[in-house]
>>> print(open('work13.cif').read())   # mmCIF, C-alpha atoms
data_final
#
loop_
_atom_site.label_atom_id
_atom_site.label_comp_id
_atom_site.auth_asym_id
_atom_site.auth_seq_id
_atom_site.Cartn_x
_atom_site.Cartn_y
_atom_site.Cartn_z
CA MET A 1 0.00 0.00 0.00
CA LYS A 2 1.32 3.41 -1.00
CA PRO A 3 2.17 5.85 1.80
CA VAL A 4 -0.54 8.44 2.44
CA HIS A 5 1.69 11.37 1.51
CA ILE A 6 2.40 9.86 -1.95
CA LYS A 7 -1.30 9.45 -2.62
CA GLY A 8 -1.90 13.02 -1.49
CA GLN A 9 0.80 14.31 -3.85
CA ARG A 10 -0.70 12.43 -6.78
CA GLN A 11 -4.18 13.75 -5.97
CA LYS A 12 -2.82 17.30 -6.04
CA VAL A 13 -1.14 16.66 -9.40
CA VAL A 14 -4.38 15.24 -10.84
CA LEU A 15 -6.32 18.28 -9.61
CA ARG A 16 -3.76 20.64 -11.17
CA ILE A 17 -3.96 18.75 -14.48
CA ARG A 18 -7.74 18.89 -14.53
CA LYS A 19 -7.75 22.57 -13.66
CA ARG A 20 -5.36 23.27 -16.53
CA GLN A 21 -7.41 21.13 -18.92
CA ARG A 22 -10.57 23.06 -18.08
CA LYS A 23 -8.68 26.26 -18.83
CA ILE A 24 -7.48 24.81 -22.16
CA TRP A 25 -11.01 23.76 -23.14
CA GLU A 26 -12.26 27.26 -22.32
CA GLU A 27 -9.52 28.83 -24.45
CA GLN A 28 -10.34 26.45 -27.30
CA ARG A 29 -14.03 27.40 -27.18
CA ASN A 30 -13.12 31.09 -27.20
CA LEU A 31 -11.10 30.70 -30.40
CA GLY A 32 -14.36 30.96 -32.35
CA TYR A 33 -15.05 29.94 -35.93
CA ILE A 34 -13.91 30.79 -39.45
CA LYS A 35 -16.54 31.26 -42.17
CA LEU A 36 -15.88 28.98 -45.15
CA GLU A 37 -15.67 30.52 -48.61
CA LYS A 38 -17.77 27.67 -49.96
CA PRO A 39 -20.33 25.81 -47.80
CA ILE A 40 -19.82 22.04 -47.52
CA ARG A 41 -22.77 19.65 -47.72
CA HIS A 42 -23.09 17.78 -44.46
CA GLY A 43 -26.14 15.65 -43.76
CA TRP A 44 -29.84 16.43 -43.53
CA PHE A 45 -32.38 18.07 -41.24
CA LYS A 46 -35.82 16.59 -40.63
CA GLU A 47 -37.84 19.58 -39.57
CA CYS A 48 -41.20 21.21 -39.11
CA VAL A 49 -41.58 24.53 -40.92
CA ILE A 50 -44.43 27.03 -41.02
CA THR A 51 -46.22 27.48 -44.36
CA ARG A 52 -47.71 30.64 -45.85
CA HIS A 53 -51.20 29.36 -45.02
CA VAL A 54 -50.64 30.41 -41.41
CA GLU A 55 -51.46 33.96 -42.50
CA ARG A 56 -55.09 32.90 -43.02
CA TYR A 57 -55.59 32.23 -39.32
CA LYS A 58 -56.70 34.90 -36.85
CA ASN A 59 -54.59 33.26 -34.13
CA GLN A 60 -51.47 33.33 -36.31
CA LYS A 61 -49.33 34.90 -33.58
CA TYR A 62 -50.23 32.09 -31.16
CA ILE A 63 -49.41 29.43 -33.76
CA LEU A 64 -46.01 31.02 -34.35
CA GLU A 65 -45.42 31.36 -30.61
CA LEU A 66 -46.15 27.69 -30.04
CA HIS A 67 -44.07 26.62 -33.04
CA GLU A 68 -41.13 28.52 -31.55
CA LYS A 69 -41.33 26.37 -28.40
CA LEU A 70 -41.12 23.09 -30.29
CA ARG A 71 -37.94 21.14 -30.78
CA LYS A 72 -38.62 21.12 -34.49
CA SER A 73 -35.37 20.17 -36.20
CA PHE A 74 -33.25 17.00 -36.05
CA TRP A 75 -29.94 16.47 -37.87
CA GLY A 76 -28.56 13.25 -39.30
CA ARG A 77 -25.71 12.26 -41.58
CA THR A 78 -28.30 10.63 -43.84
CA LYS A 79 -32.03 11.05 -44.34
CA GLU A 80 -32.54 7.73 -42.59
CA GLU A 81 -30.63 8.90 -39.50
CA ALA A 82 -32.54 12.20 -39.36
CA GLN A 83 -35.82 10.31 -39.78
CA LYS A 84 -34.89 7.93 -36.96
CA LYS A 85 -34.17 10.83 -34.57
CA TRP A 86 -37.45 12.49 -35.55
CA LEU A 87 -39.42 9.32 -34.87
CA GLN A 88 -37.66 8.80 -31.54
CA GLU A 89 -38.76 12.24 -30.42
CA THR A 90 -42.34 12.05 -31.69
CA SER A 91 -42.90 8.57 -30.22
CA LYS A 92 -41.58 9.35 -26.74
CA TYR A 93 -43.70 8.82 -23.65
CA LEU A 94 -45.53 5.87 -25.25
CA ILE A 95 -47.31 8.13 -27.73
CA ASN A 96 -47.07 8.42 -31.48
CA LYS A 97 -47.93 11.85 -32.82
CA GLU A 98 -46.79 13.74 -35.90
CA LEU A 99 -45.20 16.58 -33.90
CA PRO A 100 -42.97 16.60 -30.80
CA THR A 101 -44.65 17.40 -27.49
CA ILE A 102 -43.71 20.14 -25.01
CA SER A 103 -43.00 20.02 -21.29
CA ARG A 104 -45.08 21.56 -18.56
CA ARG A 105 -42.40 24.19 -18.03
CA SER A 106 -42.55 25.26 -21.70
CA PHE A 107 -46.34 25.24 -21.56
CA ASN A 108 -46.36 27.58 -18.56
CA LYS A 109 -44.28 30.13 -20.49
CA LEU A 110 -46.86 30.33 -23.30
CA SER A 111 -49.55 33.00 -23.56
CA ASP A 112 -53.17 32.03 -22.89
CA GLY A 113 -53.91 31.95 -26.62
CA ALA A 114 -51.02 29.59 -27.36
CA GLN A 115 -51.92 27.36 -24.41
CA GLN A 116 -55.35 26.79 -25.95
CA LEU A 117 -53.58 24.98 -28.81
CA CYS A 118 -52.14 22.38 -26.41
CA ILE A 119 -53.69 19.18 -25.08
CA PRO A 120 -52.41 17.75 -21.75
CA PHE A 121 -51.54 14.09 -21.25
CA THR A 122 -49.83 12.15 -18.48
CA TYR A 123 -47.14 9.48 -18.68
CA TYR A 124 -44.91 7.47 -16.36
CA THR A 125 -41.15 7.92 -16.23
CA LYS A 126 -38.70 5.02 -15.92
CA GLU A 127 -38.83 5.63 -12.18
CA LYS A 128 -42.63 5.07 -12.30
CA LYS A 129 -43.36 8.72 -11.52
CA LEU A 130 -46.37 10.39 -13.11
CA ARG A 131 -45.56 13.42 -15.27
CA LEU A 132 -47.51 15.90 -17.39
CA ARG A 133 -46.74 16.95 -20.99
CA PHE A 134 -48.71 18.55 -23.80
CA TYR A 135 -49.60 17.61 -27.36
CA VAL A 136 -49.19 20.44 -29.84
CA ASN A 137 -52.39 20.94 -31.82
CA LEU A 138 -51.25 23.12 -34.73
CA PRO A 139 -53.77 23.44 -37.61
CA LYS A 140 -52.80 21.04 -40.40
CA GLY A 141 -52.36 23.66 -43.10
CA THR A 142 -50.02 25.83 -41.05
CA TYR A 143 -46.97 23.56 -41.03
CA ARG A 144 -45.09 21.07 -43.16
CA ILE A 145 -42.62 18.35 -42.17
CA LYS A 146 -39.77 17.93 -44.62
CA PHE A 147 -36.10 17.18 -45.17
CA THR A 148 -33.65 20.04 -45.69
CA LYS A 149 -30.05 19.80 -46.85
CA ALA A 150 -27.57 20.75 -44.12
CA TYR A 151 -24.33 22.64 -44.75
CA VAL A 152 -21.15 23.34 -42.86
CA ILE A 153 -20.52 27.06 -43.28
CA HIS A 154 -18.04 27.59 -40.43
CA SER A 155 -14.88 25.80 -39.34
CA LYS A 156 -13.63 25.69 -35.75
CA ARG A 157 -10.39 27.55 -35.14
CA ILE A 158 -7.64 25.27 -33.80
CA ASP A 159 -4.56 26.18 -31.79
CA PRO A 160 -1.99 23.37 -32.32
CA GLN A 161 -0.14 24.33 -29.13
CA LEU A 162 -3.28 23.93 -27.00
CA GLU A 163 -4.06 20.61 -28.72
CA ARG A 164 -0.56 19.28 -27.95
CA GLU A 165 -0.66 20.43 -24.33
CA ASP A 166 -4.07 18.80 -23.78
CA ALA A 167 -2.81 15.53 -25.29
CA LEU A 168 0.29 15.56 -23.06
CA LEU A 169 -1.88 16.12 -19.97
CA ASP A 170 -4.06 13.17 -20.99
CA GLN A 171 -0.96 11.00 -21.31
CA GLN A 172 0.18 11.99 -17.83
CA LEU A 173 -3.20 10.93 -16.38
CA LEU A 174 -2.67 7.48 -17.94
CA LYS A 175 0.53 6.85 -16.00
CA SER A 176 0.53 4.23 -13.27
CA GLY A 177 -0.68 5.71 -10.00
CA PHE A 178 -2.13 8.84 -11.59
CA TYR A 179 -4.68 6.83 -13.60
CA GLU A 180 -6.09 5.23 -10.45
CA GLU A 181 -6.44 8.62 -8.76
CA ALA A 182 -8.07 10.13 -11.83
CA GLN A 183 -10.62 7.30 -12.04
CA LYS A 184 -11.74 7.73 -8.43
CA ASP A 185 -13.57 10.96 -9.11
CA ASN A 186 -16.23 9.68 -11.48
CA SER A 187 -18.50 12.60 -10.62
CA TRP A 188 -16.07 14.99 -12.31
CA ARG A 189 -16.07 12.98 -15.50
CA ASP A 190 -19.87 12.68 -15.46
CA TYR A 191 -20.13 16.44 -14.92
CA TRP A 192 -17.90 17.12 -17.91
CA GLN A 193 -19.88 14.77 -20.15
CA THR A 194 -23.17 16.35 -19.05
CA SER A 195 -21.79 19.84 -19.65
CA LYS A 196 -20.62 18.79 -23.10
CA ILE A 197 -24.11 17.57 -24.02
CA LYS A 198 -25.67 20.77 -22.72
CA ARG A 199 -23.27 22.87 -24.79
CA GLU A 200 -24.25 20.96 -27.92
CA LYS A 201 -27.93 21.58 -27.20
CA LEU A 202 -27.27 25.27 -26.64
CA LYS A 203 -25.39 25.45 -29.94
CA THR A 204 -28.33 23.83 -31.76
CA ASN A 205 -30.84 26.15 -30.11
CA SER A 206 -28.70 29.14 -31.05
CA THR A 207 -28.78 28.04 -34.69
CA LEU A 208 -32.55 27.68 -34.63
CA ARG A 209 -33.03 31.09 -33.02
CA ALA A 210 -31.14 32.59 -35.95
CA LEU A 211 -34.22 31.83 -38.07
CA LYS A 212 -36.00 34.76 -36.46
CA GLN A 213 -34.24 37.14 -38.82
CA PHE A 214 -35.87 35.47 -41.85
CA THR A 215 -39.41 35.76 -43.15
CA ILE A 216 -41.79 32.81 -43.35
CA GLN A 217 -41.56 32.95 -47.15
CA GLU A 218 -37.77 32.59 -47.07
CA ILE A 219 -38.07 29.54 -44.84
CA ILE A 220 -40.66 27.96 -47.15
CA LYS A 221 -38.54 28.55 -50.26
CA GLU A 222 -35.54 26.94 -48.53
CA GLU A 223 -33.40 30.01 -49.14
CA ILE A 224 -31.56 29.61 -45.84
CA LEU A 225 -28.25 27.77 -45.52
CA TRP A 226 -28.26 25.99 -42.17
CA GLU A 227 -25.18 26.38 -40.04
CA ARG A 228 -23.57 23.19 -38.81
CA ASN A 229 -20.42 23.72 -36.80
#
>>> encode(input="work13.cif", output="structure tokens")
Amino acid sequence: MKPVHIKGQRQKVVLRIRKRQRKIWEEQRNLGYIKLEKPIRHGWFKECVITRHVERYKNQKYILELHEKLRKSFWGRTKEEAQKKWLQETSKYLINKELPTISRRSFNKLSDGAQQLCIPFTYYTKEKKLRLRFYVNLPKGTYRIKFTKAYVIHSKRIDPQLEREDALLDQQLLKSGFYEEAQKDNSWRDYWQTSKIKREKLKTNSTLRALKQFTIQEIIKEEILWERN
């Protein structure tokens, strides 16, 4: 058994490495992106878009408000992959509807007019707890579900020096003694993985919010190049 002071020294080294790695990852994120001169085709979106027929409805603003709350776009490398992700979302909670549902929290943020377009239903979680969600009852003529070509229009900036330093730190954590100490703190690794997933969701939501600057007609005519970083 290793002396306590040796274990303590290794724990301090592991903490210093992780602290430096977090700093490196932050610096890498802050490098930003470079816009490509020519967009590169990269996969497909399966999405729900609003049609021009929405203008015929007196409650148009409520339809658009509710549509904004939906998770309405799913990316895949192929049409089949995008379709699979779409079906997984629309068939959640033991239901099978054409559109994704919304959570109670999202429902509560809607105006009264938009809430009238939602239908509540209950379901059980894996932990056998009863939860409430809402079907989205958009008029049929106001939306269309379709595939859209996806493009890469930005490239992530890379700093070779940061990449090398991060790789060297990873190698140090694989050394005998340090690896065992690094593996003890599973919560840290789980936190990093969770944060990574959340960042990807935020990036996707940011892309979707960019649609606000376009008119409904531009969306219908597929004049927008989607950003995929």
>>> atom_distance(input="work13.cif", atom1="CA of Glu181 (chain A)", atom2="CA of Lys23 (chain A)")
20.4 Å
>>> resolve_selection(input="work13.cif", expression="the PyMOL selection byres ((chain A and resi 134) around 10)", output="ChimeraX atom specification")
/A:100-104,106-107,115,117-122,132-133,135-137
>>> residues_around(input="work13.cif", residues="Val49 (chain A)", least_positions_apart="2", cutoff="7 Å", atoms="only C-alpha atoms", output="ChimeraX atom specification")
/A:47,51,143-145
>>> closest_residue(input="work13.cif", among="A:Ala150, A:Leu110, A:Ser91, A:Ile17", to="Pro39 (chain A)", atoms="all atoms listed in the file")
A:Ala150
>>> atom_distance(input="work13.cif", atom1="CA of Lys38 (chain A)", atom2="CA of Glu80 (chain A)")
25.9 Å
>>> atom_distance(input="work13.cif", atom1="CA of Glu26 (chain A)", atom2="CA of Asp159 (chain A)")
12.3 Å
>>> resolve_selection(input="work13.cif", expression="the PyMOL selection byres ((chain A and resi 29) around 12)", output="mmCIF file with C-alpha atoms, keeping the file's coordinate frame")
data_model
loop_
_atom_site.group_PDB
_atom_site.id
_atom_site.type_symbol
_atom_site.label_atom_id
_atom_site.label_comp_id
_atom_site.auth_asym_id
_atom_site.auth_seq_id
_atom_site.Cartn_x
_atom_site.Cartn_y
_atom_site.Cartn_z
ATOM 1 C CA ARG A 22 -10.570 23.060 -18.080
ATOM 2 C CA LYS A 23 -8.680 26.260 -18.830
ATOM 3 C CA ILE A 24 -7.480 24.810 -22.160
ATOM 4 C CA TRP A 25 -11.010 23.760 -23.140
ATOM 5 C CA GLU A 26 -12.260 27.260 -22.320
ATOM 6 C CA GLU A 27 -9.520 28.830 -24.450
ATOM 7 C CA GLN A 28 -10.340 26.450 -27.300
ATOM 8 C CA ASN A 30 -13.120 31.090 -27.200
ATOM 9 C CA LEU A 31 -11.100 30.700 -30.400
ATOM 10 C CA GLY A 32 -14.360 30.960 -32.350
ATOM 11 C CA TYR A 33 -15.050 29.940 -35.930
ATOM 12 C CA LYS A 156 -13.630 25.690 -35.750
ATOM 13 C CA ARG A 157 -10.390 27.550 -35.140
ATOM 14 C CA ILE A 158 -7.640 25.270 -33.800
ATOM 15 C CA ASP A 159 -4.560 26.180 -31.790
ATOM 16 C CA LEU A 162 -3.280 23.930 -27.000
ATOM 17 C CA LYS A 196 -20.620 18.790 -23.100
ATOM 18 C CA ARG A 199 -23.270 22.870 -24.790
ATOM 19 C CA LYS A 203 -25.390 25.450 -29.940
#
>>> residues_around(input="work13.cif", residues="Glu165 (chain A)", least_positions_apart="6", cutoff="10 Å", atoms="all atoms listed in the file", output="PyMOL selection string")
chain A and resi 20-21+24+171
>>> residues_near_point(input="work13.cif", point="(-2.2, 7.3, -7.0)", cutoff="10 Å", atoms="all atoms listed in the file", output="list in words")
Lys2, Pro3, Val4, Ile6, Lys7, Gly8, Gln9, Arg10, Gln11, Val13, Val14, Lys175, Ser176, Gly177, Phe178, Tyr179, Glu180, Glu181, Ala182, Gln183 and Lys184 of chain A
>>> residues_around(input="work13.cif", residues="His154 (chain A)", least_positions_apart="5", cutoff="7 Å", atoms="only C-alpha atoms", output="number ranges by chain")
A: 33-36, 229
>>> axis_aligned_box(input="work13.cif", around="region 95-109 of chain A", padding_each_side="5 Å", output="lines of an AutoDock Vina configuration file")
center_x = -45.2
center_y = 19.1
center_z = -27.0
size_x = 15.5
size_y = 32.0
size_z = 27.9
>>> residues_around(input="work13.cif", residues="Lys46 (chain A)", least_positions_apart="6", cutoff="12 Å", atoms="all atoms listed in the file", output="number ranges by chain")
A: 71-87, 89-90, 99, 144-150
>>> write_last_selection(input="work13.cif", atoms="C-alpha atoms", output="JSON list (two decimals), keeping the file's coordinate frame")
[["chain", "number", "residue", "atom", "x", "y", "z"],
["A", 71, "ARG", "CA", -37.94, 21.14, -30.78],
["A", 72, "LYS", "CA", -38.62, 21.12, -34.49],
["A", 73, "SER", "CA", -35.37, 20.17, -36.20],
["A", 74, "PHE", "CA", -33.25, 17.00, -36.05],
["A", 75, "TRP", "CA", -29.94, 16.47, -37.87],
["A", 76, "GLY", "CA", -28.56, 13.25, -39.30],
["A", 77, "ARG", "CA", -25.71, 12.26, -41.58],
["A", 78, "THR", "CA", -28.30, 10.63, -43.84],
["A", 79, "LYS", "CA", -32.03, 11.05, -44.34],
["A", 80, "GLU", "CA", -32.54, 7.73, -42.59],
["A", 81, "GLU", "CA", -30.63, 8.90, -39.50],
["A", 82, "ALA", "CA", -32.54, 12.20, -39.36],
["A", 83, "GLN", "CA", -35.82, 10.31, -39.78],
["A", 84, "LYS", "CA", -34.89, 7.93, -36.96],
["A", 85, "LYS", "CA", -34.17, 10.83, -34.57],
["A", 86, "TRP", "CA", -37.45, 12.49, -35.55],
["A", 87, "LEU", "CA", -39.42, 9.32, -34.87],
["A", 89, "GLU", "CA", -38.76, 12.24, -30.42],
["A", 90, "THR", "CA", -42.34, 12.05, -31.69],
["A", 99, "LEU", "CA", -45.20, 16.58, -33.90],
["A", 144, "ARG", "CA", -45.09, 21.07, -43.16],
["A", 145, "ILE", "CA", -42.62, 18.35, -42.17],
["A", 146, "LYS", "CA", -39.77, 17.93, -44.62],
["A", 147, "PHE", "CA", -36.10, 17.18, -45.17],
["A", 148, "THR", "CA", -33.65, 20.04, -45.69],
["A", 149, "LYS", "CA", -30.05, 19.80, -46.85],
["A", 150, "ALA", "CA", -27.57, 20.75, -44.12]]
>>> resolve_selection(input="work13.cif", expression="the PyMOL selection byres ((chain A and resi 113) around 12)", output="PyMOL selection string")
chain A and resi 58-66+107-112+114-118
